[in-house]
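S.K.: Dropping the structure in here first, questions after.
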Amino acid sequence: MAIPFYAKSAENQGYIKNMEVVGYHGLNQVMAFQMALHKTKEGWYYLYCGSFKGAGITILDVTDPYKPEWKDYFEVCDVNIYKKQSVPKIQIADDLMVAALGGGIPYLHGVKWEDKNISGINIYSLKDPLHPELLSHWETGYEGGMGVHRFMYNGGPYLYLTADCPGYIAEILRILDISDPRNPKEIGRWWKPEQYADGQVAGTYPVGHMDEKDWPHLHGPAYVQDGIAYCGYWAGGGVLLDMKDVTRPKLLGEIHTQPPFSGKRAGARCHTFLPLKGRGLAVLTNEGDRFMSFSKESFDKKQDTKNGGAQPMNNLHMIDVSDPSDPTLIAEFPYPEVPKDFPYPNFNDCGLGCQGPFGPHNLHEPMDKPWLEDDPNRVYCCYFHAGMRVYDVSDPYYIKEIAYFIPPNPEKPLFDVPRPGPLLGTAEDCVVDDRGYIYMDTFHDGVYILKMKL
């Protein structure tokens, strides 16, 4: 049997069900993170890839998804000065590209906490899609923080940011008016009471990224639909905000899944809160984490009794939001199917020698953009080491996994980080276009382009 074109070897082909890989690009050894798709009036499709390791943006021509073509890579700042720089997230609408600017994380990206980075956003014109023109830069004003992470831009005047802010603990919602993209202005913000630093006793609140895991702060994005923002608020759960007046968002309702879900070694306690258009339903996720940073030996050396032992389950949850003041958990997504010839018994084990912080990562987010698929009966999830997972949610009480793709394991890391755990294929982010092509990027590898067989 022929080896698939995307395989690393006969023994390292990945695993696939009800999908096919139609294209692949290694991104010239540059890590991708969130991707944004742009369709021009002439019908060209361009994929813009941010990076959680490095200060650059990669542009691929994916008009022919079977033959993705590298077009350009450019850096948003001088990486010799800003060594901790990352461009984790990108959004595109109205011929504008907004790039989030923040700092990398040492144990994932091989940088140092004390290294410098720019924190804010850059706004580019895409009138020439292959040569983005920088229109403006906006700073968070919080030096050395996470900067801007996930955010929403769906066109029009408003930009909804997950961002650091002086005087607040960790990231809050900050709303910019970019009706003049050369002169962005902050017009509104929202935060949980615990985040207001002057309202806390000095020394009683967390000050570092890892310490903040169990503190409320926005992970986001603040996904705005029909005047309501759906916010993944880390330890603050899923939050619904009234956005009719964007200068004064108001709390409508909230739902907590921690405990019993999430906690200990996993990532964002509540990562994403994604409404399913027109259905009065939303998907809430608890983030897992990448196993290359963990092993039984590394756990033991840290002597971390609080976060050792059994790890809480991280999962996707179906939430009824028909009454925004009373969001209600109505169903759980199934555990990802384990391929018959997978080398481990499940995805919690996966060669660590102990239970790892397994769970989902990013979802496909339509954001009402006509060049993106927006099917409220289907959910696409990059599930870290369980790969791309596709779900039929037409019956919200009986959710069915219908397809998956676990990419081949990378042959070597793209950058130097301690790697006590196995180097596994890792799905990070995904976007689905209006033709049905699924773009999935990976940690330490590249971008796979998939198509459903169903």
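By convention here, the chains of the structure tokens are called A, B, ... in the order presented, each chain's residues are numbered starting at 1, and ligands are numbered starting at 1 in the order presented.
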Check the DSSP output for the backbone and give back, as a PyMOL selection string, the residues of region 88-261 of chain A in helix (DSSP H, G or I).
M.R.: chain A and resi 106-109+193-195+197-199+211-214
S.K.: Write down as a PDB file with N, CA and C atoms, in the first residue's frame the residues of region 108-355 of chain A whose backbone DSSP state falls under strand (DSSP E).
M.R.:
```pdb
ATOM      1  N   GLY A 120      -0.017  44.417  22.260  1.00  0.00           N
ATOM      2  CA  GLY A 120      -1.078  45.232  21.671  1.00  0.00           C
ATOM      3  C   GLY A 120      -1.592  44.605  20.403  1.00  0.00           C
ATOM      4  N   ILE A 121      -1.904  45.439  19.421  1.00  0.00           N
ATOM      5  CA  ILE A 121      -2.349  44.964  18.110  1.00  0.00           C
ATOM      6  C   ILE A 121      -1.705  45.801  17.017  1.00  0.00           C
ATOM      7  N   ASN A 122      -1.584  45.210  15.841  1.00  0.00           N
ATOM      8  CA  ASN A 122      -1.287  45.921  14.604  1.00  0.00           C
ATOM      9  C   ASN A 122      -2.481  45.784  13.674  1.00  0.00           C
ATOM     10  N   ILE A 123      -2.820  46.869  12.992  1.00  0.00           N
ATOM     11  CA  ILE A 123      -3.901  46.844  12.005  1.00  0.00           C
ATOM     12  C   ILE A 123      -3.300  47.074  10.626  1.00  0.00           C
ATOM     13  N   TYR A 124      -3.617  46.163   9.693  1.00  0.00           N
ATOM     14  CA  TYR A 124      -3.073  46.229   8.343  1.00  0.00           C
ATOM     15  C   TYR A 124      -4.207  46.350   7.317  1.00  0.00           C
ATOM     16  N   SER A 125      -3.938  47.051   6.239  1.00  0.00           N
ATOM     17  CA  SER A 125      -4.829  47.045   5.083  1.00  0.00           C
ATOM     18  C   SER A 125      -4.487  45.847   4.211  1.00  0.00           C
ATOM     19  N   GLU A 133      -0.372  46.413   4.364  1.00  0.00           N
ATOM     20  CA  GLU A 133       0.148  47.736   4.722  1.00  0.00           C
ATOM     21  C   GLU A 133      -0.209  48.050   6.169  1.00  0.00           C
ATOM     22  N   LEU A 134       0.804  48.326   6.989  1.00  0.00           N
ATOM     23  CA  LEU A 134       0.562  48.657   8.389  1.00  0.00           C
ATOM     24  C   LEU A 134      -0.103  50.027   8.480  1.00  0.00           C
ATOM     25  N   LEU A 135      -1.292  50.046   9.093  1.00  0.00           N
ATOM     26  CA  LEU A 135      -2.025  51.295   9.256  1.00  0.00           C
ATOM     27  C   LEU A 135      -1.825  51.896  10.638  1.00  0.00           C
ATOM     28  N   SER A 136      -1.759  51.049  11.663  1.00  0.00           N
ATOM     29  CA  SER A 136      -1.632  51.589  13.025  1.00  0.00           C
ATOM     30  C   SER A 136      -1.217  50.500  13.987  1.00  0.00           C
ATOM     31  N   HIS A 137      -0.762  50.960  15.143  1.00  0.00           N
ATOM     32  CA  HIS A 137      -0.429  50.070  16.256  1.00  0.00           C
ATOM     33  C   HIS A 137      -1.101  50.620  17.506  1.00  0.00           C
ATOM     34  N   TRP A 138      -1.630  49.718  18.326  1.00  0.00           N
ATOM     35  CA  TRP A 138      -2.260  50.101  19.599  1.00  0.00           C
ATOM     36  C   TRP A 138      -1.630  49.298  20.717  1.00  0.00           C
ATOM     37  N   GLU A 139      -1.237  49.979  21.786  1.00  0.00           N
ATOM     38  CA  GLU A 139      -0.569  49.345  22.925  1.00  0.00           C
ATOM     39  C   GLU A 139      -1.549  49.116  24.072  1.00  0.00           C
ATOM     40  N   VAL A 148      -2.160  40.900  23.967  1.00  0.00           N
ATOM     41  CA  VAL A 148      -3.475  40.554  23.424  1.00  0.00           C
ATOM     42  C   VAL A 148      -3.417  39.102  22.978  1.00  0.00           C
ATOM     43  N   HIS A 149      -4.445  38.349  23.364  1.00  0.00           N
ATOM     44  CA  HIS A 149      -4.484  36.937  22.971  1.00  0.00           C
ATOM     45  C   HIS A 149      -5.653  36.745  22.006  1.00  0.00           C
ATOM     46  N   ARG A 150      -6.684  36.036  22.396  1.00  0.00           N
ATOM     47  CA  ARG A 150      -7.815  35.822  21.491  1.00  0.00           C
ATOM     48  C   ARG A 150      -8.679  37.084  21.413  1.00  0.00           C
ATOM     49  N   PHE A 151      -9.292  37.298  20.247  1.00  0.00           N
ATOM     50  CA  PHE A 151     -10.143  38.474  20.079  1.00  0.00           C
ATOM     51  C   PHE A 151     -11.095  38.241  18.924  1.00  0.00           C
ATOM     52  N   MET A 152     -12.079  39.116  18.793  1.00  0.00           N
ATOM     53  CA  MET A 152     -13.045  39.001  17.702  1.00  0.00           C
ATOM     54  C   MET A 152     -13.055  40.279  16.879  1.00  0.00           C
ATOM     55  N   TYR A 158     -16.106  47.846  15.564  1.00  0.00           N
ATOM     56  CA  TYR A 158     -15.698  47.421  16.897  1.00  0.00           C
ATOM     57  C   TYR A 158     -14.802  46.186  16.894  1.00  0.00           C
ATOM     58  N   LEU A 159     -13.829  46.253  17.770  1.00  0.00           N
ATOM     59  CA  LEU A 159     -12.853  45.194  17.956  1.00  0.00           C
ATOM     60  C   LEU A 159     -12.899  44.783  19.419  1.00  0.00           C
ATOM     61  N   TYR A 160     -13.118  43.487  19.678  1.00  0.00           N
ATOM     62  CA  TYR A 160     -13.299  42.989  21.043  1.00  0.00           C
ATOM     63  C   TYR A 160     -12.058  42.191  21.441  1.00  0.00           C
ATOM     64  N   LEU A 161     -11.265  42.747  22.345  1.00  0.00           N
ATOM     65  CA  LEU A 161      -9.952  42.198  22.674  1.00  0.00           C
ATOM     66  C   LEU A 161      -9.926  41.491  24.017  1.00  0.00           C
ATOM     67  N   THR A 162      -9.205  40.388  24.076  1.00  0.00           N
ATOM     68  CA  THR A 162      -8.718  39.824  25.333  1.00  0.00           C
ATOM     69  C   THR A 162      -7.355  40.466  25.570  1.00  0.00           C
ATOM     70  N   ALA A 163      -7.241  41.321  26.581  1.00  0.00           N
ATOM     71  CA  ALA A 163      -6.032  42.129  26.694  1.00  0.00           C
ATOM     72  C   ALA A 163      -5.681  42.433  28.141  1.00  0.00           C
ATOM     73  N   ILE A 172      -8.616  41.280  30.549  1.00  0.00           N
ATOM     74  CA  ILE A 172     -10.017  41.689  30.617  1.00  0.00           C
ATOM     75  C   ILE A 172     -10.517  41.929  29.188  1.00  0.00           C
ATOM     76  N   LEU A 173     -11.807  42.255  29.058  1.00  0.00           N
ATOM     77  CA  LEU A 173     -12.367  42.645  27.764  1.00  0.00           C
ATOM     78  C   LEU A 173     -12.129  44.132  27.548  1.00  0.00           C
ATOM     79  N   ARG A 174     -11.444  44.470  26.450  1.00  0.00           N
ATOM     80  CA  ARG A 174     -11.239  45.860  26.070  1.00  0.00           C
ATOM     81  C   ARG A 174     -11.776  46.042  24.650  1.00  0.00           C
ATOM     82  N   ILE A 175     -12.592  47.057  24.459  1.00  0.00           N
ATOM     83  CA  ILE A 175     -13.301  47.264  23.196  1.00  0.00           C
ATOM     84  C   ILE A 175     -12.739  48.502  22.507  1.00  0.00           C
ATOM     85  N   LEU A 176     -12.299  48.320  21.269  1.00  0.00           N
ATOM     86  CA  LEU A 176     -11.749  49.426  20.488  1.00  0.00           C
ATOM     87  C   LEU A 176     -12.702  49.810  19.365  1.00  0.00           C
ATOM     88  N   ASP A 177     -12.764  51.103  19.091  1.00  0.00           N
ATOM     89  CA  ASP A 177     -13.432  51.626  17.906  1.00  0.00           C
ATOM     90  C   ASP A 177     -12.363  51.813  16.838  1.00  0.00           C
ATOM     91  N   LYS A 185      -9.295  53.622  19.028  1.00  0.00           N
ATOM     92  CA  LYS A 185      -9.562  54.240  20.330  1.00  0.00           C
ATOM     93  C   LYS A 185     -10.333  53.260  21.206  1.00  0.00           C
ATOM     94  N   GLU A 186      -9.911  53.145  22.475  1.00  0.00           N
ATOM     95  CA  GLU A 186     -10.645  52.313  23.410  1.00  0.00           C
ATOM     96  C   GLU A 186     -11.909  53.050  23.844  1.00  0.00           C
ATOM     97  N   ILE A 187     -13.060  52.331  23.787  1.00  0.00           N
ATOM     98  CA  ILE A 187     -14.324  52.967  24.133  1.00  0.00           C
ATOM     99  C   ILE A 187     -15.072  52.226  25.243  1.00  0.00           C
ATOM    100  N   GLY A 188     -14.621  51.019  25.591  1.00  0.00           N
ATOM    101  CA  GLY A 188     -15.326  50.262  26.618  1.00  0.00           C
ATOM    102  C   GLY A 188     -14.471  49.139  27.150  1.00  0.00           C
ATOM    103  N   ARG A 189     -14.832  48.649  28.325  1.00  0.00           N
ATOM    104  CA  ARG A 189     -14.156  47.496  28.897  1.00  0.00           C
ATOM    105  C   ARG A 189     -15.082  46.821  29.905  1.00  0.00           C
ATOM    106  N   TRP A 190     -14.779  45.550  30.192  1.00  0.00           N
ATOM    107  CA  TRP A 190     -15.532  44.805  31.211  1.00  0.00           C
ATOM    108  C   TRP A 190     -14.581  43.843  31.899  1.00  0.00           C
ATOM    109  N   ALA A 222     -14.361  37.229  23.124  1.00  0.00           N
ATOM    110  CA  ALA A 222     -15.716  37.674  23.428  1.00  0.00           C
ATOM    111  C   ALA A 222     -16.494  37.571  22.123  1.00  0.00           C
ATOM    112  N   TYR A 223     -17.157  36.438  21.929  1.00  0.00           N
ATOM    113  CA  TYR A 223     -17.814  36.140  20.661  1.00  0.00           C
ATOM    114  C   TYR A 223     -19.180  36.830  20.659  1.00  0.00           C
ATOM    115  N   VAL A 224     -19.308  37.894  19.873  1.00  0.00           N
ATOM    116  CA  VAL A 224     -20.513  38.722  19.899  1.00  0.00           C
ATOM    117  C   VAL A 224     -21.471  38.288  18.796  1.00  0.00           C
ATOM    118  N   GLN A 225     -22.689  37.949  19.218  1.00  0.00           N
ATOM    119  CA  GLN A 225     -23.729  37.537  18.276  1.00  0.00           C
ATOM    120  C   GLN A 225     -25.075  38.042  18.788  1.00  0.00           C
ATOM    121  N   ILE A 228     -25.148  39.889  22.140  1.00  0.00           N
ATOM    122  CA  ILE A 228     -24.665  39.191  23.328  1.00  0.00           C
ATOM    123  C   ILE A 228     -23.244  38.713  23.083  1.00  0.00           C
ATOM    124  N   ALA A 229     -22.361  38.933  24.056  1.00  0.00           N
ATOM    125  CA  ALA A 229     -20.995  38.431  23.986  1.00  0.00           C
ATOM    126  C   ALA A 229     -20.900  37.157  24.804  1.00  0.00           C
ATOM    127  N   TYR A 230     -20.373  36.102  24.184  1.00  0.00           N
ATOM    128  CA  TYR A 230     -20.142  34.814  24.842  1.00  0.00           C
ATOM    129  C   TYR A 230     -18.643  34.732  25.143  1.00  0.00           C
ATOM    130  N   CYS A 231     -18.302  34.717  26.416  1.00  0.00           N
ATOM    131  CA  CYS A 231     -16.907  34.860  26.829  1.00  0.00           C
ATOM    132  C   CYS A 231     -16.429  33.633  27.598  1.00  0.00           C
ATOM    133  N   GLY A 232     -15.356  33.016  27.128  1.00  0.00           N
ATOM    134  CA  GLY A 232     -14.668  32.010  27.912  1.00  0.00           C
ATOM    135  C   GLY A 232     -13.806  32.721  28.936  1.00  0.00           C
ATOM    136  N   GLY A 238     -18.121  30.345  31.839  1.00  0.00           N
ATOM    137  CA  GLY A 238     -18.697  30.965  30.648  1.00  0.00           C
ATOM    138  C   GLY A 238     -19.531  32.160  31.055  1.00  0.00           C
ATOM    139  N   VAL A 239     -19.278  33.313  30.437  1.00  0.00           N
ATOM    140  CA  VAL A 239     -19.933  34.573  30.804  1.00  0.00           C
ATOM    141  C   VAL A 239     -20.689  35.121  29.607  1.00  0.00           C
ATOM    142  N   LEU A 240     -21.931  35.565  29.833  1.00  0.00           N
ATOM    143  CA  LEU A 240     -22.724  36.209  28.785  1.00  0.00           C
ATOM    144  C   LEU A 240     -22.910  37.675  29.140  1.00  0.00           C
ATOM    145  N   LEU A 241     -22.603  38.554  28.180  1.00  0.00           N
ATOM    146  CA  LEU A 241     -22.682  39.993  28.393  1.00  0.00           C
ATOM    147  C   LEU A 241     -23.661  40.634  27.417  1.00  0.00           C
ATOM    148  N   ASP A 242     -24.411  41.610  27.906  1.00  0.00           N
ATOM    149  CA  ASP A 242     -25.266  42.447  27.069  1.00  0.00           C
ATOM    150  C   ASP A 242     -24.378  43.499  26.422  1.00  0.00           C
ATOM    151  N   LYS A 250     -22.862  44.750  30.099  1.00  0.00           N
ATOM    152  CA  LYS A 250     -23.523  44.381  31.352  1.00  0.00           C
ATOM    153  C   LYS A 250     -23.649  42.862  31.449  1.00  0.00           C
ATOM    154  N   LEU A 251     -23.450  42.346  32.640  1.00  0.00           N
ATOM    155  CA  LEU A 251     -23.535  40.905  32.867  1.00  0.00           C
ATOM    156  C   LEU A 251     -24.975  40.424  32.724  1.00  0.00           C
ATOM    157  N   LEU A 252     -25.149  39.367  31.893  1.00  0.00           N
ATOM    158  CA  LEU A 252     -26.452  38.736  31.737  1.00  0.00           C
ATOM    159  C   LEU A 252     -26.537  37.427  32.517  1.00  0.00           C
ATOM    160  N   GLY A 253     -25.499  36.613  32.421  1.00  0.00           N
ATOM    161  CA  GLY A 253     -25.505  35.308  33.074  1.00  0.00           C
ATOM    162  C   GLY A 253     -24.135  34.678  33.009  1.00  0.00           C
ATOM    163  N   GLU A 254     -23.957  33.597  33.770  1.00  0.00           N
ATOM    164  CA  GLU A 254     -22.689  32.880  33.759  1.00  0.00           C
ATOM    165  C   GLU A 254     -22.920  31.433  34.170  1.00  0.00           C
ATOM    166  N   ILE A 255     -21.989  30.570  33.743  1.00  0.00           N
ATOM    167  CA  ILE A 255     -22.061  29.155  34.088  1.00  0.00           C
ATOM    168  C   ILE A 255     -20.647  28.660  34.387  1.00  0.00           C
ATOM    169  N   THR A 272     -13.224  28.516  25.488  1.00  0.00           N
ATOM    170  CA  THR A 272     -14.062  29.086  24.434  1.00  0.00           C
ATOM    171  C   THR A 272     -15.533  28.888  24.796  1.00  0.00           C
ATOM    172  N   PHE A 273     -16.342  29.886  24.458  1.00  0.00           N
ATOM    173  CA  PHE A 273     -17.790  29.813  24.630  1.00  0.00           C
ATOM    174  C   PHE A 273     -18.387  30.234  23.292  1.00  0.00           C
ATOM    175  N   LEU A 274     -18.724  29.253  22.455  1.00  0.00           N
ATOM    176  CA  LEU A 274     -19.076  29.496  21.055  1.00  0.00           C
ATOM    177  C   LEU A 274     -20.561  29.280  20.809  1.00  0.00           C
ATOM    178  N   PRO A 275     -21.328  30.340  20.468  1.00  0.00           N
ATOM    179  CA  PRO A 275     -22.747  30.157  20.163  1.00  0.00           C
ATOM    180  C   PRO A 275     -22.947  29.465  18.821  1.00  0.00           C
ATOM    181  N   LEU A 276     -23.967  28.616  18.751  1.00  0.00           N
ATOM    182  CA  LEU A 276     -24.361  27.976  17.499  1.00  0.00           C
ATOM    183  C   LEU A 276     -25.505  28.788  16.914  1.00  0.00           C
ATOM    184  N   LEU A 281     -28.108  27.675  21.569  1.00  0.00           N
ATOM    185  CA  LEU A 281     -27.136  26.746  22.132  1.00  0.00           C
ATOM    186  C   LEU A 281     -25.738  27.314  21.975  1.00  0.00           C
ATOM    187  N   ALA A 282     -24.830  26.883  22.841  1.00  0.00           N
ATOM    188  CA  ALA A 282     -23.434  27.282  22.740  1.00  0.00           C
ATOM    189  C   ALA A 282     -22.559  26.133  23.220  1.00  0.00           C
ATOM    190  N   VAL A 283     -21.363  26.057  22.657  1.00  0.00           N
ATOM    191  CA  VAL A 283     -20.392  25.052  23.060  1.00  0.00           C
ATOM    192  C   VAL A 283     -19.365  25.719  23.959  1.00  0.00           C
ATOM    193  N   LEU A 284     -19.173  25.154  25.141  1.00  0.00           N
ATOM    194  CA  LEU A 284     -18.182  25.658  26.092  1.00  0.00           C
ATOM    195  C   LEU A 284     -17.078  24.618  26.218  1.00  0.00           C
ATOM    196  N   THR A 285     -15.817  25.050  26.214  1.00  0.00           N
ATOM    197  CA  THR A 285     -14.701  24.105  26.273  1.00  0.00           C
ATOM    198  C   THR A 285     -13.771  24.390  27.440  1.00  0.00           C
ATOM    199  N   LEU A 316     -15.672  19.197  26.028  1.00  0.00           N
ATOM    200  CA  LEU A 316     -16.593  20.111  25.366  1.00  0.00           C
ATOM    201  C   LEU A 316     -17.980  19.876  25.942  1.00  0.00           C
ATOM    202  N   HIS A 317     -18.685  20.953  26.238  1.00  0.00           N
ATOM    203  CA  HIS A 317     -20.000  20.881  26.855  1.00  0.00           C
ATOM    204  C   HIS A 317     -21.022  21.597  25.978  1.00  0.00           C
ATOM    205  N   MET A 318     -22.237  21.049  25.913  1.00  0.00           N
ATOM    206  CA  MET A 318     -23.328  21.718  25.216  1.00  0.00           C
ATOM    207  C   MET A 318     -24.150  22.501  26.241  1.00  0.00           C
ATOM    208  N   ILE A 319     -24.286  23.809  25.999  1.00  0.00           N
ATOM    209  CA  ILE A 319     -24.974  24.704  26.933  1.00  0.00           C
ATOM    210  C   ILE A 319     -26.211  25.286  26.267  1.00  0.00           C
ATOM    211  N   ASP A 320     -27.352  25.198  26.958  1.00  0.00           N
ATOM    212  CA  ASP A 320     -28.568  25.862  26.500  1.00  0.00           C
ATOM    213  C   ASP A 320     -28.502  27.324  26.948  1.00  0.00           C
ATOM    214  N   THR A 328     -27.475  26.721  30.860  1.00  0.00           N
ATOM    215  CA  THR A 328     -27.646  25.423  31.502  1.00  0.00           C
ATOM    216  C   THR A 328     -26.919  24.327  30.726  1.00  0.00           C
ATOM    217  N   LEU A 329     -26.117  23.546  31.438  1.00  0.00           N
ATOM    218  CA  LEU A 329     -25.434  22.406  30.836  1.00  0.00           C
ATOM    219  C   LEU A 329     -26.452  21.311  30.529  1.00  0.00           C
ATOM    220  N   ILE A 330     -26.543  20.899  29.245  1.00  0.00           N
ATOM    221  CA  ILE A 330     -27.535  19.893  28.865  1.00  0.00           C
ATOM    222  C   ILE A 330     -26.916  18.619  28.308  1.00  0.00           C
ATOM    223  N   ALA A 331     -25.643  18.649  27.881  1.00  0.00           N
ATOM    224  CA  ALA A 331     -25.041  17.437  27.320  1.00  0.00           C
ATOM    225  C   ALA A 331     -23.529  17.564  27.294  1.00  0.00           C
ATOM    226  N   GLU A 332     -22.865  16.389  27.249  1.00  0.00           N
ATOM    227  CA  GLU A 332     -21.416  16.309  27.135  1.00  0.00           C
ATOM    228  C   GLU A 332     -21.034  15.716  25.779  1.00  0.00           C
TER     229      GLU A 332
END
```
S.K.: Find the residues around Tyr391 (chain A) up to 9 Å (only C-alpha atoms counted), leave out those fewer than 6 positions away in its own chain, and share them as a PDB file with N, CA and C atoms, in the first residue's frame.
M.R.:
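Generated output (selection-v4.pdb):
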```pdb
ATOM      1  N   PHE A 333     -19.950  16.215  25.199  1.00  0.00           N
ATOM      2  CA  PHE A 333     -19.410  15.622  23.986  1.00  0.00           C
ATOM      3  C   PHE A 333     -18.707  14.307  24.337  1.00  0.00           C
ATOM      4  N   ASN A 377     -24.997  22.945  12.951  1.00  0.00           N
ATOM      5  CA  ASN A 377     -25.167  21.540  13.309  1.00  0.00           C
ATOM      6  C   ASN A 377     -23.847  20.771  13.326  1.00  0.00           C
ATOM      7  N   ARG A 378     -22.747  21.489  13.110  1.00  0.00           N
ATOM      8  CA  ARG A 378     -21.445  20.814  13.051  1.00  0.00           C
ATOM      9  C   ARG A 378     -20.417  21.607  13.861  1.00  0.00           C
ATOM     10  N   VAL A 379     -19.596  20.884  14.604  1.00  0.00           N
ATOM     11  CA  VAL A 379     -18.541  21.488  15.414  1.00  0.00           C
ATOM     12  C   VAL A 379     -17.200  20.856  15.042  1.00  0.00           C
ATOM     13  N   TYR A 380     -16.213  21.702  14.787  1.00  0.00           N
ATOM     14  CA  TYR A 380     -14.864  21.259  14.464  1.00  0.00           C
ATOM     15  C   TYR A 380     -13.956  21.641  15.639  1.00  0.00           C
ATOM     16  N   CYS A 381     -13.165  20.680  16.109  1.00  0.00           N
ATOM     17  CA  CYS A 381     -12.309  20.939  17.263  1.00  0.00           C
ATOM     18  C   CYS A 381     -10.916  20.386  17.037  1.00  0.00           C
ATOM     19  N   ILE A 399     -24.844  13.816  20.838  1.00  0.00           N
ATOM     20  CA  ILE A 399     -23.771  14.350  20.000  1.00  0.00           C
ATOM     21  C   ILE A 399     -22.920  13.204  19.477  1.00  0.00           C
ATOM     22  N   LYS A 400     -22.622  13.223  18.181  1.00  0.00           N
ATOM     23  CA  LYS A 400     -21.909  12.120  17.544  1.00  0.00           C
ATOM     24  C   LYS A 400     -20.620  12.616  16.902  1.00  0.00           C
ATOM     25  N   GLU A 401     -19.509  11.947  17.210  1.00  0.00           N
ATOM     26  CA  GLU A 401     -18.260  12.203  16.495  1.00  0.00           C
ATOM     27  C   GLU A 401     -18.342  11.489  15.155  1.00  0.00           C
ATOM     28  N   ILE A 402     -18.053  12.207  14.066  1.00  0.00           N
ATOM     29  CA  ILE A 402     -18.235  11.618  12.740  1.00  0.00           C
ATOM     30  C   ILE A 402     -16.941  11.491  11.950  1.00  0.00           C
ATOM     31  N   ALA A 403     -15.858  12.148  12.382  1.00  0.00           N
ATOM     32  CA  ALA A 403     -14.604  12.070  11.627  1.00  0.00           C
ATOM     33  C   ALA A 403     -13.456  12.539  12.495  1.00  0.00           C
TER      34      ALA A 403
END
```
S.K.: From the options A:Phe74, A:Phe52, A:Phe405, A:Phe291, which residue's atoms come nearest to His109 (chain A), counting only C-alpha atoms?
M.R.: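 Under the stated criterion, the closest residue is A:Phe52.
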S.K.: If we count only C-alpha atoms, what is near Gly155 (chain A) at a cut-off of 9 Å, once residues fewer than 6 positions away on the same chain are taken out, given as a list of chain:residue names?
M.R.: A:Ile92, A:Ala93, A:Asp94, A:Asp95, A:Leu96, A:Lys369
S.K.: What would the file look like if the residues just selected were written as a PDB file, in the first residue's frame with N, CA and C atoms?
M.R.:
```pdb
ATOM      1  N   ILE A  92      -9.543  38.739  10.215  1.00  0.00           N
ATOM      2  CA  ILE A  92      -9.638  39.481   8.962  1.00  0.00           C
ATOM      3  C   ILE A  92     -11.101  39.749   8.626  1.00  0.00           C
ATOM      4  N   ALA A  93     -11.401  40.981   8.292  1.00  0.00           N
ATOM      5  CA  ALA A  93     -12.729  41.370   7.788  1.00  0.00           C
ATOM      6  C   ALA A  93     -12.597  42.766   7.184  1.00  0.00           C
ATOM      7  N   ASP A  94     -13.494  43.108   6.278  1.00  0.00           N
ATOM      8  CA  ASP A  94     -13.527  44.447   5.664  1.00  0.00           C
ATOM      9  C   ASP A  94     -12.176  44.863   5.092  1.00  0.00           C
ATOM     10  N   ASP A  95     -11.461  43.907   4.505  1.00  0.00           N
ATOM     11  CA  ASP A  95     -10.132  44.171   3.920  1.00  0.00           C
ATOM     12  C   ASP A  95      -9.139  44.695   4.946  1.00  0.00           C
ATOM     13  N   LEU A  96      -9.366  44.375   6.217  1.00  0.00           N
ATOM     14  CA  LEU A  96      -8.419  44.705   7.279  1.00  0.00           C
ATOM     15  C   LEU A  96      -7.941  43.418   7.936  1.00  0.00           C
ATOM     16  N   LYS A 369     -18.619  35.360   8.681  1.00  0.00           N
ATOM     17  CA  LYS A 369     -17.865  35.762   7.489  1.00  0.00           C
ATOM     18  C   LYS A 369     -18.249  34.841   6.337  1.00  0.00           C
TER      19      LYS A 369
END
```
S.K.: Report, in Å to a single decimal, how far apart CA of Asn80 (chain A) and CA of Pro418 (chain A) are.
M.R.: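 For CA of Pro418 (chain A) relative to CA of Asn80 (chain A), the distance reads 22.3 Å.
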S.K.: Using only C-alpha atoms, find the one residue out of A:Gly110, A:Pro129, A:Gly280, A:Pro339 that sits nearest to Trp44 (chain A).
M.R.: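 Closest to Trp44 (chain A), using only C-alpha atoms: A:Pro129.
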S.K.: Near Lys53 (chain A), within 7 Å and counting only C-alpha atoms, which residues show up once chain neighbours fewer than 2 positions away are dropped, as a PDB file with C-alpha atoms, in the first residue's frame?
M.R.:
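out-v7.pdb, freshly written:
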```pdb
ATOM      1  CA  MET A  31       5.254  27.541  13.667  1.00  0.00           C
ATOM      2  CA  SER A  51       2.825  32.301  15.376  1.00  0.00           C
ATOM      3  CA  SER A  86       4.567  36.248  19.430  1.00  0.00           C
ATOM      4  CA  GLY A 104       5.577  33.622  24.249  1.00  0.00           C
ATOM      5  CA  HIS A 109       8.383  28.325  23.279  1.00  0.00           C
TER       6      HIS A 109
END
```
S.K.: Please provide the set of residues having any atom within 6 Å of region 358-366 of chain A, restricted to only C-alpha atoms, with same-chain residues fewer than 4 positions apart removed, written as a list in words.
M.R.: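 Answer for this query is Glu287, Gly288, Asn314, Asn315, Asn348, Leu372, Asp374, Tyr380, Cys381, Cys382, Tyr383, Asp429, Cys430 and Val431 of chain A.
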S.K.: Go ahead and save the residues from that selection, with C-alpha atoms, as an mmCIF file, in the first residue's frame.
M.R.:
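Wrote result_38.cif, looks like this:
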```
data_model
loop_
_atom_site.group_PDB
_atom_site.id
_atom_site.type_symbol
_atom_site.label_atom_id
_atom_site.label_comp_id
_atom_site.auth_asym_id
_atom_site.auth_seq_id
_atom_site.Cartn_x
_atom_site.Cartn_y
_atom_site.Cartn_z
ATOM 1 C CA GLU A 287 -8.600 23.393 27.531
ATOM 2 C CA GLY A 288 -6.172 20.515 27.955
ATOM 3 C CA ASN A 314 -11.390 18.575 30.287
ATOM 4 C CA ASN A 315 -14.179 18.422 27.747
ATOM 5 C CA ASN A 348 -4.885 10.571 28.814
ATOM 6 C CA LEU A 372 -16.192 30.583 6.224
ATOM 7 C CA ASP A 374 -21.224 28.424 9.302
ATOM 8 C CA TYR A 380 -14.864 21.259 14.464
ATOM 9 C CA CYS A 381 -12.309 20.939 17.263
ATOM 10 C CA CYS A 382 -8.519 20.751 17.330
ATOM 11 C CA TYR A 383 -8.139 18.325 20.221
ATOM 12 C CA ASP A 429 -6.054 25.604 15.435
ATOM 13 C CA CYS A 430 -8.529 25.210 12.590
ATOM 14 C CA VAL A 431 -10.604 27.172 10.112
#
```
